[in-house]
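Each remark here refers to the structure printed beneath this line.
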Amino acid sequence: MRAVDIIMKKRNGSSLTKEELAYIIQGYVAGDIPEYQISALLMAIFFNGMSFEETAALTELMLQSGDVIHLDGIEGPFVDKHSTGGVGDKLSLILAPMVAACGVRVPMMSGRALGHTGGTLDKLESITGYRTQLDEATFRKIIQSCGFAMTGQTEKIVPADKKLYALRDVTATVESIPLITASILSKKVAEGADALVFDVKSGPGAFMKTIEDAERLANSLVKTGKTMGKKIVGVITDMTEPLGRKVGNFFEVEESIDCLKGTGPQDVMDITYRLGGWMLVLGGKARTVEEGIDQCKTAIKSGKAWDLFIKNIELQGGDSADMMKKYGNYRAPLVKKLKAPKSGFIASIDAYKIGLAGVYIGVGRNKTTDSVHPDVGFIFDKVKGDSVSSGDTIASVFAHSETALDAAWPLIEASLTIADQKPDHAPLIIKEITAL
Ligand code: URA
């Protein structure tokens, strides 16, 4: 086989065989095929796409490039959730204990904040002592003890994706549905889940800016997963406004505490219950999503989800008493208020602009090596649809330096739109894609 023939075949619009894809992936990881040829192939895939069978084969080969977590010996079912990333998206912290409380085990591997989107690991690390780099034996033990564990991906999980993603990033080939599918799915399957729920976010604050693109990705994840024998549901949710009323690492832990205690904001809970309901269906604990939602609501109401959250924090080395002591007080020293410039209704608070402003104050990061602050962020007193009078506080923004606040402020001001009329209600859950 020759790489040039495989590139030519894809360039001319044909499908590649599993053997051809194996030649490419194995050759690339081994350093035998040069990056200029892989770059050319990536661009050919970008323009000509891939069938679900090709995407499944690529996913499988990427998966085989590294370690796969084995959860055998632990009683399942194992179901995880993956979000394509958003602003104020703290759903994992609530979902994992809630779903575990209903009898479905959640082996969760999460990522860090990057660009305007937040990261679960950074939120968890704002809890003093919480360990997010678990070895496989500890990961297994914690899942066995409390039904879920939350860790970061090791270097050994899908190394092919690390190389390919870095190359896609510099060759303008990130935005390819089959390449995104193989990248996300290979990492999720490697963590040992039997079934997956994908929260594919759509809107200005999301990776997929339009509903059509989000639908294409959700469809590809579901169909490719099915080809690989995995049960997958794709839920397309809106990411135009930040989720909830708090954005920031410890700030989002606080809001997750509220949600687990039954006093969380409606938008966060609506999506959490829907995703949780599907996780219970995929785990065989509920016949319908509505039945799953009812079980999730009971897990919150009974306090069982909260108890598991605390148990998990202790098992992962975190200090839950310190977390509760910091609740409501752990704030960076500088605070600036965003005030309503006129009376009316909040028509929009742009999640993308808030996410970008968050990078300046240290909620998120521009590159993977940047550090973040646990105690910076946004608390919104008002959200979309609320009426405001001129001068009302819309949000409090906490930061460590005037320089950071000054850099973030134009974005924060520009994120706000006030209109004379109350805006129409836009559904948060836009569409669901299943192939069960
Ligand atoms: N997230 C991933 O993990 N991979 C992609 O290709 C895009 C987003």
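Residues are referred to by chain and number: the chain letter is A, B, ... according to the order shown in the structure tokens, the number counts from 1 in that chain, and ligands are numbered separately from 1 in the order shown.
Residues in contact with ligand 1 (atom pairs separated by at most 7 Å; only C-alpha atoms and all ligand atoms) are Thr84, Tyr165, Val174, Leu179, Ile180, Thr181, Ser183 and Ile184 of chain A.
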Val158 in chain A surroundings by only C-alpha atoms, 9 Å radius, close-in-sequence under 4 positions cut, as a compact mmCIF listing (two decimals) with N, CA and C atoms, in the first residue's frame:
# COMPACT_ATOMS: atom_id res chain seq x y z
N MET A 62 -8.52 4.53 15.85
CA MET A 62 -7.98 5.55 16.78
C MET A 62 -8.04 5.01 18.21
N LEU A 63 -9.15 4.37 18.52
CA LEU A 63 -9.33 3.76 19.85
C LEU A 63 -8.21 2.76 20.15
N GLN A 64 -7.90 1.95 19.14
CA GLN A 64 -6.87 0.92 19.33
C GLN A 64 -5.45 1.48 19.42
N SER A 65 -5.31 2.78 19.18
CA SER A 65 -3.96 3.35 19.24
C SER A 65 -3.47 3.51 20.68
N GLY A 66 -4.37 3.31 21.66
CA GLY A 66 -3.95 3.50 23.05
C GLY A 66 -4.67 2.59 24.02
N ASP A 67 -4.65 2.99 25.29
CA ASP A 67 -5.28 2.18 26.35
C ASP A 67 -6.80 2.28 26.29
N VAL A 68 -7.45 1.19 26.70
CA VAL A 68 -8.91 1.20 26.85
C VAL A 68 -9.19 0.77 28.29
N THR A 154 -5.81 10.23 30.37
CA THR A 154 -4.36 10.13 30.46
C THR A 154 -3.77 10.28 29.06
N LYS A 162 -4.48 12.81 19.73
CA LYS A 162 -3.65 13.97 20.12
C LYS A 162 -2.86 14.45 18.92
N SER A 183 -12.93 11.63 16.62
CA SER A 183 -12.14 12.18 17.73
C SER A 183 -12.90 12.04 19.05
N SER A 186 -13.97 8.09 19.85
CA SER A 186 -12.88 7.18 20.24
C SER A 186 -12.52 7.40 21.71
N LYS A 187 -12.48 8.67 22.15
CA LYS A 187 -12.10 8.96 23.54
C LYS A 187 -13.20 8.50 24.49
N ALA A 190 -13.25 4.69 24.78
CA ALA A 190 -12.06 4.20 25.51
C ALA A 190 -12.26 4.20 27.02
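Omitting Ser39 in chain A and its sequence neighbours fewer than 5 positions away, and counting only C-alpha atoms, the residues within 10 Å are Ile7, Pro34, Ala44, Ile45, Leu164, Leu167, Arg168, Val170, Thr171, Ala172 and Thr173 of chain A.
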Those residues you just picked out, can you put them in a file as a short mmCIF file (atom, residue, chain, number, x, y, z; two decimals), in the first residue's frame with N, CA and C atoms?
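Wrote out.cif, looks like this:
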data_model
loop_
_atom_site.label_atom_id
_atom_site.label_comp_id
_atom_site.auth_asym_id
_atom_site.auth_seq_id
_atom_site.Cartn_x
_atom_site.Cartn_y
_atom_site.Cartn_z
N ILE A 7 -4.60 8.73 -0.51
CA ILE A 7 -4.98 10.16 -0.58
C ILE A 7 -5.76 10.41 -1.88
N PRO A 34 4.62 10.75 6.70
CA PRO A 34 4.89 12.15 7.06
C PRO A 34 3.62 12.99 7.18
N ALA A 44 -8.70 16.10 2.10
CA ALA A 44 -9.57 15.32 1.19
C ALA A 44 -10.80 14.84 1.96
N ILE A 45 -10.61 14.43 3.21
CA ILE A 45 -11.77 14.00 4.04
C ILE A 45 -12.66 15.20 4.32
N LEU A 164 -3.46 13.73 15.66
CA LEU A 164 -4.33 14.17 14.55
C LEU A 164 -4.97 15.52 14.84
N LEU A 167 -2.66 18.36 14.28
CA LEU A 167 -2.47 18.60 12.85
C LEU A 167 -3.70 19.26 12.22
N ARG A 168 -4.89 18.79 12.63
CA ARG A 168 -6.13 19.41 12.12
C ARG A 168 -6.18 20.88 12.49
N VAL A 170 -3.87 23.03 12.73
CA VAL A 170 -3.02 23.92 11.91
C VAL A 170 -3.23 23.72 10.41
N THR A 171 -4.18 22.85 10.04
CA THR A 171 -4.42 22.65 8.60
C THR A 171 -5.87 22.99 8.24
N ALA A 172 -6.56 23.70 9.14
CA ALA A 172 -7.94 24.14 8.90
C ALA A 172 -8.86 22.96 8.58
N THR A 173 -8.69 21.85 9.31
CA THR A 173 -9.55 20.69 9.06
C THR A 173 -10.25 20.22 10.34
#
Closest-contact table, range 202-283 of chain A side, partner range 424-436 of chain A, 6 Å, counting only C-alpha atoms, as a tab-separated table:
residue	atom	partner	partner_atom	distance
A:Val233	CA	A:Thr434	CA	4.8
A:Gly234	CA	A:Ile433	CA	4.9
A:Val235	CA	A:Glu432	CA	4.5
A:Ile236	CA	A:Lys431	CA	5.2
A:Thr237	CA	A:Ile429	CA	4.6
A:Asp238	CA	A:Leu428	CA	4.9
Take the selection from the previous step and output its residues with C-alpha atoms, as a compact mmCIF listing (two decimals), in the first residue's frame.
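Output saved as part23.txt:
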# COMPACT_ATOMS: atom_id res chain seq x y z
CA VAL A 233 -28.60 9.33 22.02
CA GLY A 234 -27.82 12.84 20.78
CA VAL A 235 -29.65 15.71 22.46
CA ILE A 236 -29.26 19.08 20.76
CA THR A 237 -29.51 21.89 23.32
CA ASP A 238 -29.36 25.63 23.03
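Minimum atom-to-atom distances from A:Gly284, A:Gly244, A:Gly118, A:Gly377 to Arg331 in chain A were compared using only C-alpha atoms, and the lowest value belongs to A:Gly377.
Inside range 304-404 of chain A, the residues DSSP reads as strand (DSSP E) when given the backbone are A:Leu334, A:Val335, A:Lys336, A:Lys337, A:Leu338, A:Lys339, A:Gly344, A:Phe345, A:Ile346, A:Ala347, A:Ser348, A:Ile349, A:Gly377, A:Phe378, A:Ile379, A:Phe380, A:Ser387, A:Val388, A:Thr393, A:Ile394, A:Ala395, A:Ser396, A:Val397, A:Phe398, A:Ala399.
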Problem - Residue list (alpha helix (DSSP H), DSSP) for range 72-139 of chain A, as a ChimeraX atom specification - result: /A:91-101,120-125,136-139
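Counting only C-alpha atoms, Glu413 in chain A has the following residues at most 12 Å away, ignoring those fewer than 2 positions along the same chain: Lys336, Lys337, Leu338, Lys339, Ala340, Pro341, Ser348, Ile349, Asp350, Lys353, Ile354, Ala357, Ile394, Ala395, Val397, Leu405, Asp406, Ala407, Ala408, Trp409, Pro410, Leu411, Ser415, Leu416, Thr417 and Ile418 of chain A.
Residues with any atom within 8 Å of Ala100 in chain A, counting only C-alpha atoms and excluding same-chain neighbours fewer than 3 positions away, are Ala96, Pro97, Gly103, Val104, Arg105, Val106, Cys146, Gly147, Phe148, Ala305 and Leu308 of chain A.
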With all heavy atoms kept, could you save the residues just selected as a tab-separated table (two decimals), in the first residue's frame?
chain	number	residue	atom	x	y	z
A	96	ALA	N	-23.80	13.07	37.17
A	96	ALA	CA	-23.11	11.83	37.55
A	96	ALA	C	-23.67	11.28	38.87
A	96	ALA	O	-24.11	10.12	38.91
A	96	ALA	CB	-21.61	12.06	37.61
A	97	PRO	N	-23.74	12.09	39.96
A	97	PRO	CA	-24.32	11.52	41.18
A	97	PRO	C	-25.81	11.21	41.07
A	97	PRO	O	-26.29	10.23	41.64
A	97	PRO	CB	-24.07	12.60	42.24
A	97	PRO	CG	-23.71	13.84	41.52
A	97	PRO	CD	-23.18	13.44	40.19
A	103	GLY	N	-28.95	3.92	39.97
A	103	GLY	CA	-28.47	2.56	39.66
A	103	GLY	C	-27.70	2.40	38.37
A	103	GLY	O	-27.39	1.28	37.96
A	104	VAL	N	-27.39	3.51	37.69
A	104	VAL	CA	-26.56	3.43	36.47
A	104	VAL	C	-25.18	3.98	36.82
A	104	VAL	O	-25.07	5.05	37.41
A	104	VAL	CB	-27.20	4.23	35.32
A	104	VAL	CG1	-26.22	4.40	34.17
A	104	VAL	CG2	-28.45	3.53	34.82
A	105	ARG	N	-24.15	3.22	36.47
A	105	ARG	CA	-22.80	3.67	36.84
A	105	ARG	C	-22.23	4.60	35.76
A	105	ARG	O	-22.44	4.37	34.57
A	105	ARG	CB	-21.93	2.46	37.06
A	105	ARG	CG	-22.56	1.65	38.20
A	105	ARG	CD	-21.64	0.72	38.86
A	105	ARG	NE	-21.96	0.69	40.27
A	105	ARG	CZ	-21.50	-0.18	41.12
A	105	ARG	NH1	-20.67	-1.10	40.73
A	105	ARG	NH2	-21.84	-0.14	42.37
A	106	VAL	N	-21.50	5.61	36.24
A	106	VAL	CA	-21.03	6.64	35.31
A	106	VAL	C	-19.50	6.74	35.36
A	106	VAL	O	-18.95	7.31	36.30
A	106	VAL	CB	-21.68	8.01	35.65
A	106	VAL	CG1	-21.32	9.04	34.59
A	106	VAL	CG2	-23.18	7.89	35.79
A	146	CYS	N	-19.10	4.38	44.85
A	146	CYS	CA	-20.18	5.39	44.89
A	146	CYS	C	-20.91	5.52	43.56
A	146	CYS	O	-21.71	6.42	43.40
A	146	CYS	CB	-19.65	6.74	45.36
A	146	CYS	SG	-18.68	7.63	44.18
A	147	GLY	N	-20.63	4.61	42.61
A	147	GLY	CA	-21.42	4.60	41.38
A	147	GLY	C	-20.89	5.49	40.27
A	147	GLY	O	-21.33	5.41	39.13
A	148	PHE	N	-19.93	6.36	40.60
A	148	PHE	CA	-19.36	7.20	39.53
A	148	PHE	C	-17.99	7.70	39.95
A	148	PHE	O	-17.68	7.77	41.15
A	148	PHE	CB	-20.28	8.38	39.20
A	148	PHE	CG	-20.30	9.48	40.21
A	148	PHE	CD1	-19.58	10.64	40.02
A	148	PHE	CD2	-21.04	9.36	41.38
A	148	PHE	CE1	-19.59	11.67	40.95
A	148	PHE	CE2	-21.06	10.39	42.32
A	148	PHE	CZ	-20.34	11.55	42.11
A	305	ALA	N	-28.80	11.75	45.64
A	305	ALA	CA	-27.80	12.26	44.69
A	305	ALA	C	-26.79	13.13	45.44
A	305	ALA	O	-25.58	13.03	45.22
A	305	ALA	CB	-28.48	13.07	43.59
A	308	LEU	N	-24.35	11.01	47.43
A	308	LEU	CA	-23.32	10.38	46.58
A	308	LEU	C	-22.27	11.39	46.13
A	308	LEU	O	-21.10	11.06	45.98
A	308	LEU	CB	-23.96	9.71	45.35
A	308	LEU	CG	-24.61	8.35	45.59
A	308	LEU	CD1	-25.11	7.77	44.28
A	308	LEU	CD2	-23.63	7.37	46.25
Exercise for the section: Tell me, as JSON, numbers by chain, which residues lie within 9 Å of range 320-330 of chain A, counting only C-alpha atoms; anything in the same chain fewer than 6 positions away does not count. Expected result: {"A": [126, 127, 128, 250, 251, 253, 254, 257, 310, 311, 313, 314, 374, 375, 376]}
Handout entry: d(CA of Val335 in chain A, CA of Val359 in chain A) in Å
Key = 16.2 Å
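Among the candidates A:Asp32, A:Gly152, A:Leu41, A:Glu60, the one nearest to Glu19 in chain A when counting only C-alpha atoms is A:Glu60.
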Completion exercise
Among A:Val197, A:Pro159, A:Tyr130, A:Gly229, Glu53 in chain A is approached most closely, using only C-alpha atoms, by A:Gly229
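Within the 8 Å cut-off around Ile211 in chain A, using only C-alpha atoms and omitting residues fewer than 3 positions from it on the same chain, the listed residues are A:Ser202, A:Gly203, A:Met208, A:Ala214, A:Glu215, A:Ile236.
Separating CA of Gln133 in chain A from CA of Leu356 in chain A is a distance of 26.9 Å.
Each of A:Thr138, A:Asn312, A:Thr272, A:Ser15 was compared to Asp199 in chain A using only C-alpha atoms, and A:Thr272 turns out to be the nearest.
Nearest to Ala299 in chain A of all the residues A:Leu260, A:Leu243, A:Ala182, A:Ile143 is A:Leu260, counting only C-alpha atoms.
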